[in-house]
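Student: Here it is, the structure, as C-alpha cells.
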There are 8 protein chains.
Amino acid sequence: MSDPRVAILMGSQNDWAVMRLAEEALEQLGIGSDARVISAHRTPERLTSYLADVEARGIEVIICGAGAAAHLAGVTAAHTELPVLGVPIDSSALQGLDALLATVQMPGGIPVATFAIGKAGAKNAALFAAAILARKDPEVAKKLHEFREAQSAAVPERPL
Amino acid sequence: MSDPRVAILMGSQNDWAVMRLAEEALEQLGIGSDARVISAHRTPERLTSYLADVEARGIEVIICGAGAAAHLAGVTAAHTELPVLGVPIDSSALQGLDALLATVQMPGGIPVATFAIGKAGAKNAALFAAAILARKDPEVAKKLHEFREAQSAAVPERPL
Amino acid sequence: MSDPRVAILMGSQNDWAVMRLAEEALEQLGIGSDARVISAHRTPERLTSYLADVEARGIEVIICGAGAAAHLAGVTAAHTELPVLGVPIDSSALQGLDALLATVQMPGGIPVATFAIGKAGAKNAALFAAAILARKDPEVAKKLHEFREAQSAAVPERPL
Amino acid sequence: MSDPRVAILMGSQNDWAVMRLAEEALEQLGIGSDARVISAHRTPERLTSYLADVEARGIEVIICGAGAAAHLAGVTAAHTELPVLGVPIDSSALQGLDALLATVQMPGGIPVATFAIGKAGAKNAALFAAAILARKDPEVAKKLHEFREAQSAAVPERPL
Amino acid sequence: MSDPRVAILMGSQNDWAVMRLAEEALEQLGIGSDARVISAHRTPERLTSYLADVEARGIEVIICGAGAAAHLAGVTAAHTELPVLGVPIDSSALQGLDALLATVQMPGGIPVATFAIGKAGAKNAALFAAAILARKDPEVAKKLHEFREAQSAAVPERPL
Amino acid sequence: MSDPRVAILMGSQNDWAVMRLAEEALEQLGIGSDARVISAHRTPERLTSYLADVEARGIEVIICGAGAAAHLAGVTAAHTELPVLGVPIDSSALQGLDALLATVQMPGGIPVATFAIGKAGAKNAALFAAAILARKDPEVAKKLHEFREAQSAAVPERPL
Amino acid sequence: MSDPRVAILMGSQNDWAVMRLAEEALEQLGIGSDARVISAHRTPERLTSYLADVEARGIEVIICGAGAAAHLAGVTAAHTELPVLGVPIDSSALQGLDALLATVQMPGGIPVATFAIGKAGAKNAALFAAAILARKDPEVAKKLHEFREAQSAAVPERPL
Amino acid sequence: MSDPRVAILMGSQNDWAVMRLAEEALEQLGIGSDARVISAHRTPERLTSYLADVEARGIEVIICGAGAAAHLAGVTAAHTELPVLGVPIDSSALQGLDALLATVQMPGGIPVATFAIGKAGAKNAALFAAAILARKDPEVAKKLHEFREAQSAAVPERPL
C-alpha cells in the first residue's frame, strides 16, 4: 500500500468496528492510512508523542474517532495545525449525543471538523480527507470523482 | 483584497451577523472570500448556478451557514466535490440543535464538515478552511501558525 | 392499478421498509402511487429532473421519506409548488430526532407538512394525501370516509 | 374579504401573536380565513360544535396552533376528515419542543400535518393550505406561484 | 370482584401490556377497576359517551395510558371534573419522551396528574388512585398502609 | 381563612414566585393552605419533622415545588401516605427539564403526581388537590365546578 | 478482606449488575467496601439509620447508584458530611438521562460528585473514592498509581 | 491567605464569573486556592506544565470549569492522580448540556467528579473539595460542619 497520508486515531480498541470504515474508504481511494489506538485519557503521552512528528512522517490529515466524553479530536487539534476530523461514536447510554456535542462544540480558535455519529461519519471523514488531499493531488481528485459518479449510479431507480 | 478562494454562503440575510466572523477570520489570515446569500429553499436555482462554475472561479473551499432545518451545506455538498464546511446557526426556538443535527448527520457518501453552533463555529470554519489551503500554500500555513501562536499568548495567566 | 397521483420518494433503498406503508395505505384508498429512490445528496440531478415534469405526469402530492439529516422533503419543496409531505425515518443513532427536526423546522416560505417518525408517519402521510385529493374528488372522499369509519369500528371495547 | 375557506384555531388568546402570521399570509394570497380561540381543554364542547358544521360553512382546511401539551390539532383531526395543519407554539419552559412532539407524533390513522415551531410554522401552514386549495382552484395556484416568484426575487445576492 | 371505582382507559390494545400493571395493583388493594380501549383520535365519540355517565356509574378516579402524541389524558380531563391520572407509554421512536411531554405539560386550568413513563408509571398511578380513595375510605387506607409496609420489608439488606 | 387542608412545600425561597400560584388558586376555591420552605437537601430533618404529624394537623394533600435535581416531592412521598403532588420549577440552565424528570420518573411503589413545569403546574396542582378533596367534600366539588364553568366562559370567541 | 472504608449504596437489587463494578474496582485497589440496598423512597428510615453511625463504623466515602428519578445520592448527601459520589443508572425508558440530571443538578450547598451513566460511572466512582483516600493513605496512593500505569500499558498500539 | 491547596482552572477568562463562586466558597472555609486560566485547546502546554509539579506545590484537589466541548477536566484528569472536579459552564447555545455531557461522560478508568451546570456547580465543587480535605484535616472538617449548620439555619420557615 502507498505511504500513509491520513492518520486514523481512536480512543479505544472497541471503536475499531466503526473506524475501519474510514480505513476501507481511504483504501478504496488509493490513500494510505495509519490506524492507532490512542486514548486522550489513558495514554495522553502517547498522543503528544505521536503528534510531535506526525507531519514529518507524511501525515496530512488526522481523523479521530471517540465515544462518550469524546475529547480525542479536540486534544489532537490543540497539538497540531493539520486538519483534524472528528467522528463521534455511539458507545454510551446516550447513543452518541454526548460524543457528538463533545466533538463538535469546540470553542472559537481550535476547529474540529465533525461528521455524523457512527459508521456514516467514519466513511464521510475519509471522503472528506480525500477532498482535502484532492486540492493538491489530481490523482486523488480523479479517484474521488469516480467514487462520486459510481455512488450516484448505484442508487436504484425504484425500491426493491 | 486578494482573489476569493473561500465562498461563504448563508441561507438568509439574518445569518450574516454570525457568518461575518468567518469573513473576518479569513481576512485576518490574508485569504479572500466571497460572501453570498443563497437559500437552498427559496433560491435553489441560484445555488446550482453558483456552484456550476465555482471551482473555475478559483474557489477551493465552501463554508455554508444556515439555521433551523439547515439544508444549505448538505445540498451544496451534493453538487460539488470541493470541501464543504457547515456552520449551524441558532435562529429557531430550538437554539440551534435543529441546525446542528440537520448539518452534521449527513448520510454516508456526501460529507459535510460541521463546526460549533453560532459564532464559534463560523470562526472555526474559517480557520479550518485555512488549514485546508495551508496543505499546499506555505504562506497560509505561516499565517495560520502565527495566528495560533498569538492566540495562545493572548490567554491570560490568571482570571481578571 | 389506477394512474399514479401521489409520488413516494425516499432517500435510500433502506427507507422502503417504512415507506411501503404509505404505498399500501394509498392502494387501500384506490389511489395510484409512484415510488422512487431519489437521494437529495447522492442523486441531486435525478431529483430536479424527476420534479421538472412531475405535475405534467399527473402527480398531485409528493411524499418524501428520509432519515438522519433528512433534506429530501425540503429540497423537493424548493423545486415544486405541489404539496410536499415529509416522513422522518429513524435510521441513525438519534432515533429519528435528527430526521424529524431536519424535516419539520423549515424556514418561513417553503412549507413541508411533516408527520410522525417512522411507520405511523408513512401511513398518515398517505391518509393526508388522500384528504388533499378528497377536496376535489368525491370518490376519494368517500373511500377516506369509509376507512375512517372502519378504523373506529375496529378499536376493541376492552383490552384483550 | 372573500368567504373564509380556511379556519385558524388557536388554544388561547396568547397564541394570536404567532397565528396572525397565518391570517396575514392567507390574506396576501386572497384566501379568506376564520380565526377562533378554541381550547381543546377549557372549551371542548365549543370545538366539537364548531367542527360539526365547519365543512357546511365552506371551510376546506383547518390550521390549529397550540403550545405546551398541544392537543388542539390532534383532537380536531379526530372530529373531521378535512386536512388539519398543526403549528406548535413556543409558550412553555421547553421552547416548543413539547408542542412539537405533541402535535407531530400522531398515531397511525389520524394525521396532522405539522409545521415548524412558531412564526415560521404559522406562515408555512398558510402557504400549505393555499397549496391544497390550489389543487382545484387555478386562481389560488396563480397567486401562490406569484408569491413564490416574488419570494425568490427578494433574497439579496450579497449580505448587507 | 368489587364494583369498579377506577377507570383504566388506554389509547390502543397495545398499551394493555403496560396498563395491566395498574389493574393488578388496584386488585391487590381490593379496588375494582374498569379497563377500556378508547382512542382519543380514532374513537372520540366513544370517549365523550363513556365520560358522560362515568361518575354516575361509580367511577371516582380515571387513569389514562397513551403513547406518542398522548392526548387521551388531557382530553379526558377536559370532559370531567374527576381526578385524571396520566401514564405516558413508550411506544414510539422517541422512547416515551413525546408521550411524557404531551401528558404532563397541560396548560393552566385543566390538570392531569402525570406518572413515570411505562410500567412504573402504571403501577404508581394505581397506588395514587388508592391514595385518593383512602382520603374517605379507611379500608383502602389500611390496605395501602399494609402495601407500603410490605414493600419496605421486601427490600433486601444487601445485593444478591 | 379556613384551616389548612393542603400543604405547599417548596425547596427554596426563590420557588415562591411560582408556588404562590398554588396558594392563590386554593384560596379562590376556599381551601386553606400552609406554605413552607423546606429543603430536602439543606433541611432534611425539618422535612421529616414536618411530615411526622402533618396528617394529625389536618393536611390531606401535599404539593411540593422544586427545581434542578428536584427531590422534594419524592422524599416527601417516601415519608407519607398522603397524596403528594409535584411541581417542577424552571430554575436551572436546563429550563426545568431536570426538575421534570427528577419529579416524574419515580420508581414503581412510591408515586408522585406530577404537573407541568412552572406556573401552569403550580396552578394545576392546586386544582388537582381540590379535585381530590371534592371526592368527599361537596362544597369543594361545587366550587371546583363553578371554577371550571367560569374558566370555559372566559375564553374569548375570537382572538383580540 | 480489609475493613470497609467505602459504602456502596444502591436503590434496588437490580442496580447491582452495575454497582458491582465499583466493588470490584475497590477490591482491586485493596479497599474494603460495604454494599447495601437502600431505597431512598421505599426504605427512607433504613437510609437515615444507616447514615447515623456510618462514620463511626469507619466509612469515609459513600457511593450511591440509582436510576430514574435518582434521589439516593442527594438524600444521602443531605444527611452526611462525608464525600458522596453518585452513579446514574440507565434503568428507565430515558436511558439514564433522567438519572444523570437527578443526580448531578444538585442545588448549591449540598454537593454530589457525579460520574458517567452506568458501568463506566460505577468503576470511576470507585477509582475516585480511592483518589480521596489516597490523600492521606500512601498505600492507596501507590495502588492507584500502579493501576493507572497498568491501564495505560494495556492500551494496544494498533487496533486488532 | 493560607497556602493554596485547591487549584481552580478555567478554560477562558469568561468562565471566571462562574468560577469565582468556587474561590469564594473555599475562602469562606479558610482554604487557599490558586485560580488560573488554562485552555485545554489554546494552551495545552501550559496545562501539562502546570500539572507537572502541581502536587509538589501543595495542591491536593483540582477544580476545572469549562463550557461547550468542555475538555479541561478530562484532560487534567489524564495527567494527574489528584482528585479532579468538573464544573460544566453554560456558555454556548445549548445551555450547558454540551459542557455537562463532555465533562461527566468520562470513559471507565479516568474519573472526573462532576457537579451541576453553572454557579451551583462551582460552589458545590468547592464544598466537595473541602469534604475531601476534611478527611485528613479536622480544622477543615470543623469549618465545613459549621457551614452546613449555618446553611440549614438560614432557610426561612415560610416563604416571604
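Going by the C-alpha cells order, chains are called A, B, ..., each with residues numbered from 1, while ligands are numbered from 1 in the order shown.
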At a cut-off of 8 Å, using only C-alpha atoms, what residues contact region 125-137 of chain D? Leave out same-chain residues fewer than 4 positions from it and give the result as a PyMOL selection string.
Tutor: (chain C and resi 60+81-83+109-113+132-133+135-136) or (chain D and resi 6+22-23+25-26+29+31+60-61+63+85-87+115+121+141+144)
Student: Could you list, as a ChimeraX atom specification, every residue of chain B that has an atom within 9 Å of an atom of chain C, counting only C-alpha atoms?
Tutor: /B:40-45,67-71,74-79,92,97-107,109-110
Student: For C-alpha atoms, I'd like the residues from the last selection saved as a JSON list (two decimals), in the first residue's frame.
Tutor:
```json
[["chain", "number", "residue", "atom", "x", "y", "z"],
["B", 40, "ALA", "CA", -31.42, 26.23, -0.54],
["B", 41, "HIS", "CA", -35.19, 26.56, -0.26],
["B", 42, "ARG", "CA", -36.13, 29.95, -1.66],
["B", 43, "THR", "CA", -33.44, 30.20, -4.39],
["B", 44, "PRO", "CA", -32.46, 26.63, -5.34],
["B", 45, "GLU", "CA", -31.53, 27.60, -8.91],
["B", 67, "GLY", "CA", -30.32, 27.73, 10.80],
["B", 68, "ALA", "CA", -33.42, 25.63, 11.60],
["B", 69, "ALA", "CA", -33.79, 22.78, 9.05],
["B", 70, "ALA", "CA", -30.34, 23.75, 7.75],
["B", 71, "HIS", "CA", -30.10, 22.10, 4.34],
["B", 74, "GLY", "CA", -25.83, 19.29, 2.53],
["B", 75, "VAL", "CA", -27.30, 20.43, -0.77],
["B", 76, "THR", "CA", -24.10, 22.26, -1.62],
["B", 77, "ALA", "CA", -22.08, 19.13, -0.88],
["B", 78, "ALA", "CA", -24.36, 17.19, -3.22],
["B", 79, "HIS", "CA", -23.41, 19.48, -6.11],
["B", 92, "SER", "CA", -35.10, 28.99, 15.82],
["B", 97, "LEU", "CA", -29.96, 21.94, 17.94],
["B", 98, "ASP", "CA", -32.12, 21.53, 14.84],
["B", 99, "ALA", "CA", -29.50, 23.24, 12.64],
["B", 100, "LEU", "CA", -26.70, 21.16, 14.18],
["B", 101, "LEU", "CA", -28.40, 17.82, 13.54],
["B", 102, "ALA", "CA", -29.58, 18.87, 10.06],
["B", 103, "THR", "CA", -26.00, 19.76, 9.16],
["B", 104, "VAL", "CA", -23.88, 17.07, 10.80],
["B", 105, "GLN", "CA", -25.97, 13.92, 10.42],
["B", 106, "MET", "CA", -25.25, 13.55, 6.69],
["B", 107, "PRO", "CA", -25.66, 10.02, 5.35],
["B", 109, "GLY", "CA", -21.27, 9.24, 0.86],
["B", 110, "ILE", "CA", -21.65, 13.02, 0.96]]
```
Student: I need the residues of region 52-157 of chain A that end up classed as helix (DSSP H, G or I) by DSSP on the backbone, written out as a PyMOL selection string.
Tutor: chain A and resi 52+72-79+97-104+119-134+138-153
Student: Running DSSP on the backbone, which parts of region 30-117 of chain A land in strand (DSSP E or B), as a list in words?
Tutor: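 Written out, the strand (DSSP E or B) residues of region 30-117 of chain A are Gly32, Ser33, Asp34, Ala35, Arg36, Val37, Val61, Ile62, Ile63, Cys64, Gly65, Ala66, Gly67, Val84, Leu85, Gly86, Val87, Pro88, Ile89, Ala113 and Thr114 of chain A.
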Student: Using only N, CA and C atoms, please write the residues we just selected to a file, as a PDB file, in the first residue's frame.
Tutor:
```pdb
ATOM      1  N   GLY A  32      -3.197   5.807   1.533  1.00  0.00           N
ATOM      2  CA  GLY A  32      -2.708   5.027   2.657  1.00  0.00           C
ATOM      3  C   GLY A  32      -3.054   5.684   3.986  1.00  0.00           C
ATOM      4  N   SER A  33      -3.266   4.854   5.016  1.00  0.00           N
ATOM      5  CA  SER A  33      -3.609   5.413   6.326  1.00  0.00           C
ATOM      6  C   SER A  33      -2.868   4.672   7.424  1.00  0.00           C
ATOM      7  N   ASP A  34      -2.819   5.298   8.586  1.00  0.00           N
ATOM      8  CA  ASP A  34      -2.109   4.736   9.730  1.00  0.00           C
ATOM      9  C   ASP A  34      -3.081   4.721  10.915  1.00  0.00           C
ATOM     10  N   ALA A  35      -3.562   3.530  11.275  1.00  0.00           N
ATOM     11  CA  ALA A  35      -4.577   3.426  12.333  1.00  0.00           C
ATOM     12  C   ALA A  35      -3.937   3.149  13.681  1.00  0.00           C
ATOM     13  N   ARG A  36      -4.294   3.933  14.671  1.00  0.00           N
ATOM     14  CA  ARG A  36      -3.709   3.802  16.011  1.00  0.00           C
ATOM     15  C   ARG A  36      -4.792   3.871  17.088  1.00  0.00           C
ATOM     16  N   VAL A  37      -4.563   3.123  18.163  1.00  0.00           N
ATOM     17  CA  VAL A  37      -5.381   3.293  19.362  1.00  0.00           C
ATOM     18  C   VAL A  37      -4.637   4.225  20.297  1.00  0.00           C
ATOM     19  N   VAL A  61      -3.624  14.692   7.152  1.00  0.00           N
ATOM     20  CA  VAL A  61      -4.957  14.850   7.754  1.00  0.00           C
ATOM     21  C   VAL A  61      -5.077  13.827   8.869  1.00  0.00           C
ATOM     22  N   ILE A  62      -5.745  14.229   9.979  1.00  0.00           N
ATOM     23  CA  ILE A  62      -5.913  13.299  11.099  1.00  0.00           C
ATOM     24  C   ILE A  62      -7.401  13.104  11.377  1.00  0.00           C
ATOM     25  N   ILE A  63      -7.827  11.848  11.360  1.00  0.00           N
ATOM     26  CA  ILE A  63      -9.211  11.508  11.703  1.00  0.00           C
ATOM     27  C   ILE A  63      -9.215  10.911  13.106  1.00  0.00           C
ATOM     28  N   CYS A  64     -10.094  11.430  13.984  1.00  0.00           N
ATOM     29  CA  CYS A  64     -10.158  10.936  15.360  1.00  0.00           C
ATOM     30  C   CYS A  64     -11.566  10.423  15.650  1.00  0.00           C
ATOM     31  N   GLY A  65     -11.672   9.175  16.069  1.00  0.00           N
ATOM     32  CA  GLY A  65     -12.972   8.636  16.464  1.00  0.00           C
ATOM     33  C   GLY A  65     -12.992   8.356  17.951  1.00  0.00           C
ATOM     34  N   ALA A  66     -14.046   8.807  18.640  1.00  0.00           N
ATOM     35  CA  ALA A  66     -14.144   8.541  20.075  1.00  0.00           C
ATOM     36  C   ALA A  66     -15.597   8.643  20.507  1.00  0.00           C
ATOM     37  N   GLY A  67     -15.917   7.960  21.609  1.00  0.00           N
ATOM     38  CA  GLY A  67     -17.278   7.970  22.123  1.00  0.00           C
ATOM     39  C   GLY A  67     -17.373   8.678  23.459  1.00  0.00           C
ATOM     40  N   VAL A  84      -8.002  18.427  11.503  1.00  0.00           N
ATOM     41  CA  VAL A  84      -8.444  17.324  12.363  1.00  0.00           C
ATOM     42  C   VAL A  84      -9.929  17.092  12.127  1.00  0.00           C
ATOM     43  N   LEU A  85     -10.270  15.821  11.813  1.00  0.00           N
ATOM     44  CA  LEU A  85     -11.656  15.445  11.556  1.00  0.00           C
ATOM     45  C   LEU A  85     -12.144  14.573  12.709  1.00  0.00           C
ATOM     46  N   GLY A  86     -13.311  14.856  13.240  1.00  0.00           N
ATOM     47  CA  GLY A  86     -13.826  14.112  14.389  1.00  0.00           C
ATOM     48  C   GLY A  86     -15.021  13.243  14.035  1.00  0.00           C
ATOM     49  N   VAL A  87     -14.998  12.015  14.521  1.00  0.00           N
ATOM     50  CA  VAL A  87     -16.117  11.086  14.315  1.00  0.00           C
ATOM     51  C   VAL A  87     -16.677  10.685  15.680  1.00  0.00           C
ATOM     52  N   PRO A  88     -17.866  11.166  16.038  1.00  0.00           N
ATOM     53  CA  PRO A  88     -18.472  10.764  17.310  1.00  0.00           C
ATOM     54  C   PRO A  88     -18.943   9.315  17.220  1.00  0.00           C
ATOM     55  N   ILE A  89     -18.681   8.551  18.254  1.00  0.00           N
ATOM     56  CA  ILE A  89     -19.051   7.131  18.236  1.00  0.00           C
ATOM     57  C   ILE A  89     -20.101   6.860  19.306  1.00  0.00           C
ATOM     58  N   ALA A 113     -13.387  19.473  12.531  1.00  0.00           N
ATOM     59  CA  ALA A 113     -14.421  19.241  11.522  1.00  0.00           C
ATOM     60  C   ALA A 113     -15.149  17.964  11.901  1.00  0.00           C
ATOM     61  N   THR A 114     -16.440  18.088  12.227  1.00  0.00           N
ATOM     62  CA  THR A 114     -17.159  16.945  12.790  1.00  0.00           C
ATOM     63  C   THR A 114     -18.106  16.323  11.775  1.00  0.00           C
TER      64      THR A 114
END
```
Student: Which neighbours of Trp16 (chain C) fall inside 8 Å, counting only C-alpha atoms, when residues of the same chain fewer than 4 positions from it are skipped, and could you give them as a CSV table (one decimal) with N, CA, C and O atoms, in the first residue's frame?
Tutor:
```csv
chain,number,residue,atom,x,y,z
A,159,PRO,N,-37.6,1.4,-5.4
A,159,PRO,CA,-37.3,0.5,-4.3
A,159,PRO,C,-37.6,-1.0,-4.6
A,159,PRO,O,-38.5,-1.3,-5.4
A,160,LEU,N,-36.8,-1.8,-4.1
A,160,LEU,CA,-36.9,-3.3,-4.4
A,160,LEU,C,-37.6,-4.0,-3.3
A,160,LEU,O,-37.3,-3.9,-2.1
C,10,MET,N,-38.0,8.4,-1.7
C,10,MET,CA,-37.3,8.0,-0.4
C,10,MET,C,-35.8,8.2,-0.7
C,10,MET,O,-35.3,7.9,-1.8
C,12,SER,N,-33.2,6.5,0.4
C,12,SER,CA,-32.4,5.3,0.1
C,12,SER,C,-33.3,4.0,0.1
C,12,SER,O,-34.4,4.0,0.6
C,20,ARG,N,-43.2,1.8,2.4
C,20,ARG,CA,-44.2,0.9,1.7
C,20,ARG,C,-45.5,1.0,2.5
C,20,ARG,O,-46.6,0.7,1.9
```
